[in-house]
$ cat final-v2.csv   # CSV, C-alpha atoms
chain,number,residue,atom,x,y,z
T,1,MET,CA,-14.5,88.1,9.3
T,2,THR,CA,-12.0,86.0,11.2
T,3,VAL,CA,-13.2,82.8,12.8
T,4,ILE,CA,-9.9,81.2,13.8
T,5,GLN,CA,-9.1,82.4,17.3
T,6,THR,CA,-5.7,80.7,17.8
T,7,LEU,CA,-2.3,81.4,16.2
T,8,ILE,CA,-1.4,78.7,13.7
T,9,ASP,CA,2.0,78.1,15.2
T,10,LYS,CA,2.9,74.5,14.3
T,11,GLN,CA,4.4,72.4,11.6
T,12,ASP,CA,2.1,70.5,9.3
T,13,SER,CA,2.6,66.7,9.2
T,14,PHE,CA,4.1,66.9,5.7
T,15,GLU,CA,6.8,69.1,7.1
T,16,ILE,CA,7.4,66.9,10.1
T,17,VAL,CA,7.7,63.9,7.9
T,18,ARG,CA,10.0,65.7,5.5
T,19,ASP,CA,12.4,66.7,8.4
T,20,GLN,CA,12.1,63.2,9.9
T,21,ILE,CA,13.2,61.5,6.6
T,22,ALA,CA,16.3,63.7,6.5
T,23,GLY,CA,16.9,63.3,10.2
T,24,ILE,CA,16.7,59.5,10.0
T,25,LEU,CA,19.1,59.4,7.1
T,26,ALA,CA,21.6,61.7,8.7
T,27,ALA,CA,21.6,59.8,12.0
T,28,GLU,CA,21.8,56.4,10.4
T,29,VAL,CA,24.5,57.3,8.0
T,30,THR,CA,26.6,58.5,10.9
T,31,ASN,CA,25.9,55.3,12.7
T,32,GLN,CA,26.7,53.2,9.7
T,33,MET,CA,30.0,54.9,9.4
T,34,ALA,CA,30.7,54.2,13.0
T,35,LEU,CA,29.7,50.6,12.6
T,36,ALA,CA,32.0,50.3,9.5
T,37,THR,CA,34.9,51.7,11.5
T,38,ALA,CA,34.2,49.2,14.3
T,39,ALA,CA,34.2,46.4,11.7
T,40,ALA,CA,37.6,47.6,10.4
T,41,LYS,CA,36.2,48.7,7.1
T,42,ASP,CA,36.6,52.0,5.3
T,43,SER,CA,33.8,54.2,6.7
T,44,ASP,CA,33.9,56.5,3.6
T,45,ASP,CA,32.1,53.7,1.8
T,46,TRP,CA,29.1,54.4,4.0
T,47,LYS,CA,29.4,58.2,3.8
T,48,LEU,CA,26.5,60.2,2.4
T,49,ARG,CA,25.9,63.9,2.7
T,50,ILE,CA,22.2,64.7,3.5
T,51,PHE,CA,20.6,67.9,2.3
T,52,LEU,CA,17.0,69.1,2.7
T,53,GLU,CA,15.0,71.0,0.2
T,54,ARG,CA,18.0,72.3,-1.8
T,55,SER,CA,17.6,73.1,-5.4
T,56,ASN,CA,21.2,72.5,-6.5
T,57,PRO,CA,23.2,70.8,-3.7
T,58,TRP,CA,25.5,69.1,-6.1
T,59,GLU,CA,26.9,72.5,-7.3
T,60,GLU,CA,30.1,71.7,-5.5
T,61,PHE,CA,30.8,68.9,-7.8
T,62,LEU,CA,31.3,71.5,-10.5
T,63,ASN,CA,34.1,73.1,-8.5
T,64,THR,CA,37.8,72.4,-9.3
T,65,PRO,CA,39.1,70.6,-7.4
T,66,VAL,CA,36.2,68.7,-5.8
T,67,VAL,CA,37.1,68.5,-2.1
T,68,ASP,CA,34.6,65.9,-1.0
T,69,LYS,CA,33.5,63.3,-3.6
T,70,SER,CA,31.1,61.4,-1.4
T,71,PRO,CA,27.5,61.2,-2.7
T,72,ILE,CA,25.0,63.9,-2.0
T,73,VAL,CA,21.4,63.1,-1.0
T,74,ASN,CA,18.7,65.8,-1.3
T,75,VAL,CA,15.3,65.2,0.4
T,76,TRP,CA,12.5,67.3,-1.0
T,77,PHE,CA,8.7,67.3,-0.8
T,78,ASP,CA,7.1,66.8,-4.2
T,79,ASN,CA,3.4,66.5,-3.9
T,80,SER,CA,0.5,65.3,-1.8
T,81,ASN,CA,-3.1,64.0,-2.3
T,82,PHE,CA,-5.9,63.8,0.3
T,83,ASP,CA,-8.1,60.7,0.6
T,84,LYS,CA,-11.7,61.6,1.2
T,85,SER,CA,-12.7,58.1,2.1
T,86,ALA,CA,-10.3,58.0,5.1
T,87,SER,CA,-10.8,61.5,6.3
T,88,ASN,CA,-13.3,63.8,7.9
T,89,ILE,CA,-14.0,67.4,6.9
T,90,THR,CA,-13.6,68.7,10.4
T,91,GLU,CA,-10.4,67.7,12.0
T,92,ARG,CA,-8.3,65.0,10.3
T,93,GLN,CA,-7.4,64.4,6.6
T,94,MET,CA,-5.5,61.4,5.5
T,95,CYS,CA,-2.7,62.6,3.2
T,96,SER,CA,-0.5,60.7,0.7
T,97,ALA,CA,2.7,62.6,0.0
T,98,VAL,CA,5.6,61.9,-2.3
T,99,TYR,CA,9.1,62.8,-1.2
T,100,ASN,CA,11.8,62.7,-3.8
T,101,ILE,CA,15.2,61.6,-2.5
T,102,ASP,CA,17.8,62.5,-5.1
T,103,CYS,CA,21.1,60.6,-4.8
T,104,ILE,CA,23.9,62.3,-6.7
T,105,GLY,CA,27.2,60.4,-7.4
T,106,TYR,CA,30.4,61.9,-8.6
T,107,GLY,CA,33.3,60.2,-10.3
T,108,VAL,CA,36.5,61.2,-12.0
T,109,SER,CA,38.5,59.1,-14.3
T,110,SER,CA,41.8,58.1,-12.9
T,111,GLU,CA,44.9,56.1,-13.6
T,112,ASP,CA,44.7,52.5,-12.4
T,113,GLY,CA,47.8,50.4,-13.0
T,114,ALA,CA,48.0,49.6,-16.7
T,115,GLY,CA,44.5,50.8,-17.3
T,116,HIS,CA,42.2,53.4,-15.9
T,117,THR,CA,39.1,53.7,-13.7
T,118,PRO,CA,36.3,55.3,-15.8
T,119,GLY,CA,34.7,58.3,-14.1
T,120,ASP,CA,31.2,57.6,-15.6
T,121,LYS,CA,31.2,54.2,-14.1
T,122,THR,CA,32.4,55.5,-10.7
T,123,ALA,CA,29.7,58.2,-10.7
T,124,ALA,CA,27.0,55.6,-11.5
T,125,PHE,CA,28.2,53.2,-8.8
T,126,GLU,CA,28.4,56.0,-6.3
T,127,ALA,CA,24.8,57.1,-7.0
T,128,GLN,CA,23.6,53.5,-6.8
T,129,ARG,CA,25.5,53.0,-3.5
T,130,ALA,CA,23.6,56.0,-2.1
T,131,VAL,CA,20.3,54.5,-3.4
T,132,ARG,CA,21.1,51.2,-1.7
T,133,LEU,CA,21.9,52.9,1.7
T,134,VAL,CA,18.9,55.2,1.6
T,135,ARG,CA,16.4,52.5,0.7
T,136,ASN,CA,17.8,50.1,3.3
T,137,ILE,CA,17.7,52.8,6.0
T,138,LEU,CA,14.1,54.0,5.3
T,139,MET,CA,12.7,50.5,4.7
T,140,ALA,CA,14.3,49.0,7.8
T,141,SER,CA,11.6,47.3,9.9
T,142,THR,CA,12.5,49.6,12.7
T,143,ASN,CA,11.4,52.5,10.5
T,144,ASN,CA,8.0,51.1,9.6
T,145,TYR,CA,6.4,54.3,10.6
T,146,LEU,CA,9.5,56.6,10.2
T,147,GLN,CA,9.6,56.6,14.0
T,148,LEU,CA,6.4,58.6,14.0
T,149,ARG,CA,3.9,56.0,15.0
T,150,GLY,CA,0.4,57.5,15.4
T,151,LEU,CA,1.1,60.1,12.7
T,152,VAL,CA,2.5,58.0,9.8
T,153,TRP,CA,0.3,55.2,8.4
T,154,ARG,CA,2.7,53.8,5.9
T,155,ARG,CA,5.9,54.6,3.9
T,156,TRP,CA,6.7,52.9,0.6
T,157,PRO,CA,9.4,53.4,-2.1
T,158,GLU,CA,7.3,54.0,-5.3
T,159,SER,CA,10.2,54.0,-7.7
T,160,VAL,CA,13.9,54.5,-8.3
T,161,THR,CA,14.7,56.4,-11.5
T,162,VAL,CA,18.2,57.0,-12.8
T,163,PHE,CA,19.0,60.2,-14.7
T,164,GLN,CA,21.7,59.4,-17.2
T,165,THR,CA,23.7,62.2,-18.7
T,166,PRO,CA,22.6,62.9,-22.3
T,167,ILE,CA,25.2,61.4,-24.6
T,168,ASP,CA,25.6,64.6,-26.6
T,169,SER,CA,26.3,66.7,-23.5
T,170,ARG,CA,29.6,65.5,-22.3
T,171,THR,CA,30.8,67.5,-19.3
T,172,VAL,CA,34.2,67.5,-17.7
T,173,GLN,CA,32.6,66.1,-14.5
T,174,ASN,CA,31.0,62.8,-14.4
T,175,ILE,CA,27.9,63.2,-12.3
T,176,MET,CA,25.0,60.6,-12.1
T,177,GLY,CA,21.7,61.1,-10.3
T,178,ALA,CA,19.1,58.6,-9.1
T,179,ARG,CA,15.8,59.5,-7.6
T,180,ILE,CA,13.9,57.5,-5.0
T,181,ALA,CA,10.2,58.5,-4.9
T,182,LEU,CA,9.1,57.7,-1.3
T,183,SER,CA,5.4,57.9,-0.7
T,184,VAL,CA,4.3,58.4,2.9
T,185,GLN,CA,0.7,58.3,4.2
T,186,PHE,CA,0.0,60.3,7.3
T,187,ASN,CA,-2.7,62.4,9.0
T,188,GLU,CA,-2.9,66.2,8.6
T,189,PHE,CA,-4.8,68.1,11.3
T,190,SER,CA,-6.4,71.5,11.2
T,191,PRO,CA,-7.3,74.2,13.8
T,192,GLN,CA,-10.5,73.3,15.7
T,193,TYR,CA,-13.3,75.3,17.0
T,194,THR,CA,-12.9,75.9,20.7
T,195,GLY,CA,-16.3,75.7,22.4
T,196,GLN,CA,-17.5,78.0,25.3
T,197,GLU,CA,-17.3,76.4,28.7
T,198,LEU,CA,-20.8,75.7,30.0
T,199,GLU,CA,-21.9,75.7,33.6
T,200,LEU,CA,-21.2,72.3,35.1
T,201,ALA,CA,-23.9,70.2,36.5
T,202,SER,CA,-23.8,66.6,37.6
T,203,ILE,CA,-26.8,64.3,38.1
T,204,ASP,CA,-26.8,61.0,40.0
T,205,ILE,CA,-29.7,58.7,39.3
T,206,LYS,CA,-30.7,56.4,42.1
T,207,ARG,CA,-33.4,53.8,42.3
T,208,GLU,CA,-35.0,52.9,45.5
T,209,SER,CA,-36.0,49.3,46.4
T,210,ASP,CA,-39.6,50.2,45.9
T,211,GLY,CA,-38.9,51.4,42.3
T,212,LEU,CA,-38.9,55.1,43.1
T,213,VAL,CA,-36.3,56.9,41.0
T,214,LEU,CA,-34.4,59.8,42.6
T,215,LEU,CA,-32.3,62.4,41.0
T,216,GLU,CA,-29.5,64.1,42.9
T,217,THR,CA,-27.9,67.1,41.3
T,218,ASP,CA,-24.9,69.3,42.1
T,219,TYR,CA,-24.5,72.8,40.7
T,220,GLU,CA,-23.3,76.1,41.9
T,221,TYR,CA,-25.9,78.3,43.5
T,222,PRO,CA,-26.7,81.1,43.0
T,223,LEU,CA,-26.1,80.8,39.2
D,224,MET,CA,45.5,74.1,-55.1
D,225,GLY,CA,41.8,73.5,-54.9
D,226,LEU,CA,39.5,75.6,-52.7
D,227,ARG,CA,39.1,72.7,-50.2
D,228,GLU,CA,42.9,72.5,-49.8
D,229,VAL,CA,43.1,76.3,-49.4
D,230,ALA,CA,40.5,76.1,-46.7
D,231,ALA,CA,42.3,73.3,-44.9
D,232,THR,CA,45.6,75.3,-45.0
D,233,ASP,CA,43.9,78.4,-43.7
D,234,LEU,CA,42.3,76.5,-40.9
D,235,ALA,CA,45.6,75.0,-39.8
D,236,LYS,CA,47.2,78.5,-39.8
D,237,ILE,CA,44.3,79.9,-37.7
D,238,VAL,CA,44.2,77.0,-35.3
D,239,GLU,CA,47.9,76.6,-34.7
D,240,ASN,CA,49.1,80.2,-34.8
D,241,ILE,CA,49.8,81.4,-31.2
D,242,ASP,CA,50.7,84.9,-32.2
D,243,THR,CA,47.8,86.0,-34.3
D,244,GLY,CA,45.4,83.1,-34.2
D,245,PHE,CA,43.7,81.1,-31.6
D,246,GLY,CA,46.7,78.7,-31.1
D,247,TRP,CA,47.4,77.4,-27.6
D,248,ASP,CA,50.1,75.0,-26.3
D,249,ILE,CA,48.5,71.5,-25.9
D,250,THR,CA,50.2,68.3,-24.9
D,251,LEU,CA,48.7,65.1,-26.3
D,252,THR,CA,49.6,61.7,-24.7
D,253,ASN,CA,48.8,58.4,-26.2
D,254,PRO,CA,47.9,55.3,-24.2
D,255,ALA,CA,51.5,54.1,-24.4
D,256,GLY,CA,52.5,57.2,-22.4
D,257,THR,CA,54.2,59.0,-25.3
D,258,SER,CA,53.6,62.7,-25.4
D,259,ILE,CA,53.9,65.3,-28.1
D,260,PRO,CA,53.6,69.1,-27.9
D,261,LEU,CA,51.0,70.5,-30.2
D,262,LYS,CA,49.3,73.8,-30.9
D,263,GLY,CA,45.6,74.0,-31.3
D,264,VAL,CA,42.5,75.6,-29.9
D,265,SER,CA,41.2,74.7,-26.4
D,266,ASP,CA,38.2,75.7,-24.4
D,267,ASP,CA,37.2,75.1,-20.9
D,268,ILE,CA,34.0,76.9,-19.9
D,269,SER,CA,31.5,76.4,-17.1
D,270,GLN,CA,28.2,77.3,-18.8
D,271,ALA,CA,26.8,76.6,-22.2
D,272,ILE,CA,23.7,77.0,-24.1
D,273,ASP,CA,21.6,73.9,-24.6
D,274,PRO,CA,21.0,73.8,-28.3
D,275,ASP,CA,17.7,72.0,-27.8
D,276,THR,CA,16.1,74.4,-25.3
D,277,GLY,CA,18.2,77.5,-25.7
D,278,VAL,CA,18.6,77.8,-22.0
D,279,MET,CA,21.9,78.2,-20.1
D,280,VAL,CA,23.2,74.9,-18.8
D,281,SER,CA,25.4,74.7,-15.8
D,282,GLY,CA,28.4,72.4,-16.1
D,283,ARG,CA,32.0,72.4,-17.2
D,284,PHE,CA,32.7,71.7,-20.8
D,285,ALA,CA,36.2,71.3,-22.2
D,286,SER,CA,37.5,70.4,-25.7
D,287,VAL,CA,40.4,70.9,-28.0
D,288,GLY,CA,40.7,71.3,-31.7
D,289,LEU,CA,43.8,69.9,-33.3
D,290,VAL,CA,45.0,69.7,-36.9
D,291,MET,CA,45.0,66.1,-37.9
D,292,GLN,CA,48.0,66.4,-40.3
D,293,THR,CA,50.2,67.7,-37.4
D,294,ILE,CA,49.2,64.6,-35.4
D,295,TYR,CA,50.1,62.3,-38.3
D,296,ASP,CA,53.4,64.1,-38.9
D,297,ALA,CA,54.3,63.4,-35.2
D,298,GLY,CA,53.8,59.7,-35.8
D,299,PHE,CA,50.6,59.4,-33.8
D,300,VAL,CA,47.2,58.1,-34.9
D,301,LEU,CA,44.1,60.1,-34.1
D,302,PRO,CA,43.1,60.2,-30.5
D,303,VAL,CA,39.9,58.4,-29.6
D,304,GLY,CA,37.8,57.9,-26.5
D,305,ILE,CA,38.8,54.6,-24.8
D,306,SER,CA,36.0,52.9,-22.7
D,307,ASP,CA,38.0,49.8,-21.9
D,308,SER,CA,39.2,50.2,-18.3
D,309,SER,CA,42.1,47.8,-18.9
D,310,GLN,CA,43.7,50.4,-21.2
D,311,ARG,CA,45.0,53.8,-20.5
D,312,PRO,CA,43.1,56.7,-22.2
D,313,TRP,CA,44.4,59.3,-24.5
D,314,LEU,CA,45.2,62.4,-22.4
D,315,VAL,CA,45.2,66.1,-23.2
D,316,ALA,CA,46.9,68.7,-21.1
D,317,PHE,CA,46.9,72.5,-21.3
D,318,SER,CA,46.8,75.5,-19.1
D,319,ASP,CA,44.0,77.9,-18.8
D,320,ILE,CA,44.4,81.6,-19.6
D,321,ASN,CA,45.7,82.2,-16.1
D,322,GLY,CA,48.4,79.6,-16.4
D,323,PHE,CA,46.9,76.9,-14.2
D,324,PRO,CA,47.5,73.4,-15.8
D,325,TYR,CA,44.8,70.8,-16.3
D,326,THR,CA,44.9,67.3,-17.6
D,327,PHE,CA,41.9,65.7,-19.2
D,328,LYS,CA,40.9,62.3,-20.6
D,329,VAL,CA,39.7,62.2,-24.2
D,330,SER,CA,36.1,61.0,-23.8
D,331,GLU,CA,35.1,61.4,-27.4
D,332,SER,CA,36.8,62.5,-30.6
D,333,ASN,CA,35.1,64.0,-33.7
D,334,PRO,CA,37.4,64.1,-36.7
D,335,ASP,CA,36.5,66.4,-39.5
D,336,ARG,CA,38.0,64.7,-42.5
D,337,MET,CA,36.9,67.3,-44.9
D,338,LEU,CA,39.1,70.1,-43.5
D,339,GLY,CA,41.4,68.0,-41.3
D,340,LEU,CA,40.5,69.1,-37.8
D,341,ILE,CA,39.8,66.8,-34.9
D,342,THR,CA,37.7,68.0,-32.0
D,343,CYS,CA,38.2,66.1,-28.8
D,344,LEU,CA,35.6,66.3,-25.9
D,345,LEU,CA,37.3,66.0,-22.6
D,346,GLU,CA,36.6,64.9,-19.1
D,347,ALA,CA,38.5,65.3,-15.8
D,348,TYR,CA,41.3,62.9,-15.1
D,349,GLU,CA,43.5,62.3,-12.1

$ encode --input "final-v2.csv" --output "structure tokens"
Amino acid sequence: MTVIQTLIDKQDSFEIVRDQIAGILAAEVTNQMALATAAAKDSDDWKLRIFLERSNPWEEFLNTPVVDKSPIVNVWFDNSNFDKSASNITERQMCSAVYNIDCIGYGVSSEDGAGHTPGDKTAAFEAQRAVRLVRNILMASTNNYLQLRGLVWRRWPESVTVFQTPIDSRTVQNIMGARIALSVQFNEFSPQYTGQELELASIDIKRESDGLVLLETDYEYPL
Amino acid sequence: MGLREVAATDLAKIVENIDTGFGWDITLTNPAGTSIPLKGVSDDISQAIDPDTGVMVSGRFASVGLVMQTIYDAGFVLPVGISDSSQRPWLVAFSDINGFPYTFKVSESNPDRMLGLITCLLEAYE
């Protein structure tokens, strides 16, 4: 027996927030690069490539040669919990979700004068540069509610975790990853019962000076 | 000649023989920039089995195996990984089976002093 009369043709809030995080990052990175150019700085130092819900976006770092060495950022939804105390069972549930933002840096050892630039250090610095930019963008005061005021209650960086390559698994490529776990609280809404329209009737209550109460009603007649 | 010396001699023949063994042309360059041509085994593969889990691991792994005596005979010391960025690293260059050349930095060396073979783990270098 079906009871939902309308097509569920919408994005849930967790999807909207997910897309919004990636959208904000992509837009702000582009803006930061423009600002760097305007400040006569190398805009590539502000370049990040933003991906959404990809399982292996850093696959291109395994290619030879690597065409674009700028860090890769992958935004993906991890989990969510619902808070009974701040919700109701009918319409709105307060949801706390965690979005993982993986920042992947690539480095290659190269000749540098009388010495060399170690690729492992470059990869780590690139990953941490990505973490720095992502955290600053998402925690900017102008993004308090991820530009979704009314839907988002709060966003908070729960942790930053670096994944160091196992020492006994030395690959040709130096790739370093760091994960920002961003928690976001927001409302989720569900389909609502649509009531039958009733006959409309309006009643005005008037009181005479002698205390007599009069009712005046308007309704369609005949019914 | 003892059994250990026989084994070391056999290993050198297998590793350095281009015609009937696994030998391959390899160039070793020390931090001073001096290069010597060697023959040894080289591999450069893009997937490996994780010995801990047994699952396929994506990544590129490259290494060379060189006879230590040949390196000594050329007047070199054994290559090592150099972490100090103020120094140049040991470099290894060889071509893949299709003839495309690659140059690598020695990131770690594992000498087997029982049979005289040094295995160098490599990473990309520009």

$ interface_residues --input "final-v2.csv" --of "chain T" --to "chain D" --cutoff "8 Å" --atoms "only C-alpha atoms" --output "MDAnalysis selection string"
chainID T and resid 62 108:111 114:118 170:174

$ atom_distance --input "final-v2.csv" --atom1 "CA of Phe186 (chain T)" --atom2 "CA of Trp153 (chain T)"
5.2 Å

$ residues_around --input "final-v2.csv" --residues "region 96-104 of chain T" --least-positions-apart "4" --cutoff "8 Å" --atoms "only C-alpha atoms" --output "count of residues only"
33

$ closest_residue --input "final-v2.csv" --among "D:Met224, D:Ile320, D:Leu301, D:Val229" --to "Asp248 (chain D)" --atoms "only C-alpha atoms"
D:Ile320

$ closest_residue --input "final-v2.csv" --among "D:Ile341, D:Val315, D:Val238, D:Ala231" --to "Gly256 (chain D)" --atoms "only C-alpha atoms"
D:Val315

$ closest_residue --input "final-v2.csv" --among "D:Asn253, D:Asp335, D:Arg227, D:Val287" --to "Phe299 (chain D)" --atoms "only C-alpha atoms"
D:Asn253

$ atom_distance --input "final-v2.csv" --atom1 "CA of Arg54 (chain T)" --atom2 "CA of Thr161 (chain T)"
18.9 Å

$ atom_distance --input "final-v2.csv" --atom1 "CA of Gly150 (chain T)" --atom2 "CA of Arg49 (chain T)"
29.2 Å

$ residues_around --input "final-v2.csv" --residues "Pro324 (chain D)" --least-positions-apart "5" --cutoff "12 Å" --atoms "all atoms listed in the file" --output "JSON, numbers by chain"
{"T": [64], "D": [248, 249, 250, 267, 315, 316, 317, 318, 319]}

$ residues_around --input "final-v2.csv" --residues "Glu220 (chain T)" --least-positions-apart "5" --cutoff "9 Å" --atoms "only C-alpha atoms" --output "VMD selection string"
chain T and resid 199 to 201

$ decode --input "final-v2.csv" --residues "region 8-37 of chain T" --atoms "N, CA and C atoms" --output "mmCIF file, in the first residue's frame"
data_model
loop_
_atom_site.group_PDB
_atom_site.id
_atom_site.type_symbol
_atom_site.label_atom_id
_atom_site.label_comp_id
_atom_site.auth_asym_id
_atom_site.auth_seq_id
_atom_site.Cartn_x
_atom_site.Cartn_y
_atom_site.Cartn_z
ATOM 1 N N ILE T 8 9.399 11.673 -5.270
ATOM 2 C CA ILE T 8 10.535 12.180 -4.488
ATOM 3 C C ILE T 8 11.601 12.627 -5.481
ATOM 4 N N ASP T 9 11.481 13.849 -5.898
ATOM 5 C CA ASP T 9 12.324 14.379 -6.967
ATOM 6 C C ASP T 9 13.124 15.560 -6.415
ATOM 7 N N LYS T 10 14.078 15.255 -5.569
ATOM 8 C CA LYS T 10 14.860 16.311 -4.931
ATOM 9 C C LYS T 10 16.193 15.731 -4.488
ATOM 10 N N GLN T 11 17.106 16.629 -4.124
ATOM 11 C CA GLN T 11 18.335 16.207 -3.473
ATOM 12 C C GLN T 11 18.132 16.288 -1.975
ATOM 13 N N ASP T 12 18.630 15.316 -1.245
ATOM 14 C CA ASP T 12 18.638 15.432 0.199
ATOM 15 C C ASP T 12 19.676 16.478 0.601
ATOM 16 N N SER T 13 19.562 16.932 1.815
ATOM 17 C CA SER T 13 20.484 17.983 2.264
ATOM 18 C C SER T 13 21.930 17.512 2.252
ATOM 19 N N PHE T 14 22.145 16.225 2.564
ATOM 20 C CA PHE T 14 23.544 15.761 2.602
ATOM 21 C C PHE T 14 24.181 15.808 1.220
ATOM 22 N N GLU T 15 23.349 15.669 0.196
ATOM 23 C CA GLU T 15 23.878 15.777 -1.165
ATOM 24 C C GLU T 15 24.121 17.240 -1.541
ATOM 25 N N ILE T 16 23.202 18.089 -1.112
ATOM 26 C CA ILE T 16 23.369 19.529 -1.387
ATOM 27 C C ILE T 16 24.632 20.050 -0.719
ATOM 28 N N VAL T 17 24.828 19.642 0.538
ATOM 29 C CA VAL T 17 26.022 20.101 1.279
ATOM 30 C C VAL T 17 27.287 19.556 0.629
ATOM 31 N N ARG T 18 27.244 18.288 0.243
ATOM 32 C CA ARG T 18 28.406 17.674 -0.428
ATOM 33 C C ARG T 18 28.804 18.469 -1.674
ATOM 34 N N ASP T 19 27.799 18.755 -2.523
ATOM 35 C CA ASP T 19 28.075 19.514 -3.751
ATOM 36 C C ASP T 19 28.531 20.931 -3.425
ATOM 37 N N GLN T 20 27.973 21.486 -2.339
ATOM 38 C CA GLN T 20 28.317 22.861 -1.975
ATOM 39 C C GLN T 20 29.779 22.953 -1.527
ATOM 40 N N ILE T 21 30.230 21.959 -0.763
ATOM 41 C CA ILE T 21 31.636 21.972 -0.320
ATOM 42 C C ILE T 21 32.566 21.972 -1.529
ATOM 43 N N ALA T 22 32.296 21.074 -2.471
ATOM 44 C CA ALA T 22 33.152 21.001 -3.662
ATOM 45 C C ALA T 22 33.033 22.281 -4.486
ATOM 46 N N GLY T 23 31.809 22.807 -4.590
ATOM 47 C CA GLY T 23 31.598 24.026 -5.366
ATOM 48 C C GLY T 23 32.335 25.222 -4.778
ATOM 49 N N ILE T 24 32.253 25.342 -3.459
ATOM 50 C CA ILE T 24 32.959 26.448 -2.789
ATOM 51 C C ILE T 24 34.463 26.323 -3.020
ATOM 52 N N LEU T 25 34.986 25.114 -2.859
ATOM 53 C CA LEU T 25 36.431 24.926 -3.036
ATOM 54 C C LEU T 25 36.861 25.268 -4.465
ATOM 55 N N ALA T 26 36.095 24.782 -5.434
ATOM 56 C CA ALA T 26 36.465 25.035 -6.833
ATOM 57 C C ALA T 26 36.435 26.532 -7.143
ATOM 58 N N ALA T 27 35.383 27.192 -6.673
ATOM 59 C CA ALA T 27 35.253 28.626 -6.962
ATOM 60 C C ALA T 27 36.340 29.436 -6.269
ATOM 61 N N GLU T 28 36.593 29.109 -5.004
ATOM 62 C CA GLU T 28 37.573 29.900 -4.250
ATOM 63 C C GLU T 28 39.002 29.645 -4.726
ATOM 64 N N VAL T 29 39.293 28.421 -5.140
ATOM 65 C CA VAL T 29 40.637 28.152 -5.669
ATOM 66 C C VAL T 29 40.868 28.964 -6.943
ATOM 67 N N THR T 30 39.867 28.995 -7.803
ATOM 68 C CA THR T 30 39.983 29.806 -9.019
ATOM 69 C C THR T 30 40.192 31.268 -8.666
ATOM 70 N N ASN T 31 39.457 31.726 -7.662
ATOM 71 C CA ASN T 31 39.591 33.122 -7.232
ATOM 72 C C ASN T 31 40.960 33.387 -6.609
ATOM 73 N N GLN T 32 41.438 32.437 -5.818
ATOM 74 C CA GLN T 32 42.752 32.608 -5.200
ATOM 75 C C GLN T 32 43.851 32.687 -6.261
ATOM 76 N N MET T 33 43.706 31.881 -7.294
ATOM 77 C CA MET T 33 44.702 31.923 -8.370
ATOM 78 C C MET T 33 44.679 33.277 -9.076
ATOM 79 N N ALA T 34 43.474 33.812 -9.250
ATOM 80 C CA ALA T 34 43.366 35.137 -9.876
ATOM 81 C C ALA T 34 43.967 36.206 -8.972
ATOM 82 N N LEU T 35 43.719 36.082 -7.666
ATOM 83 C CA LEU T 35 44.282 37.048 -6.723
ATOM 84 C C LEU T 35 45.811 36.954 -6.694
ATOM 85 N N ALA T 36 46.325 35.730 -6.798
ATOM 86 C CA ALA T 36 47.777 35.553 -6.814
ATOM 87 C C ALA T 36 48.388 36.202 -8.053
ATOM 88 N N THR T 37 47.727 36.009 -9.170
ATOM 89 C CA THR T 37 48.211 36.636 -10.407
ATOM 90 C C THR T 37 48.204 38.155 -10.269
#
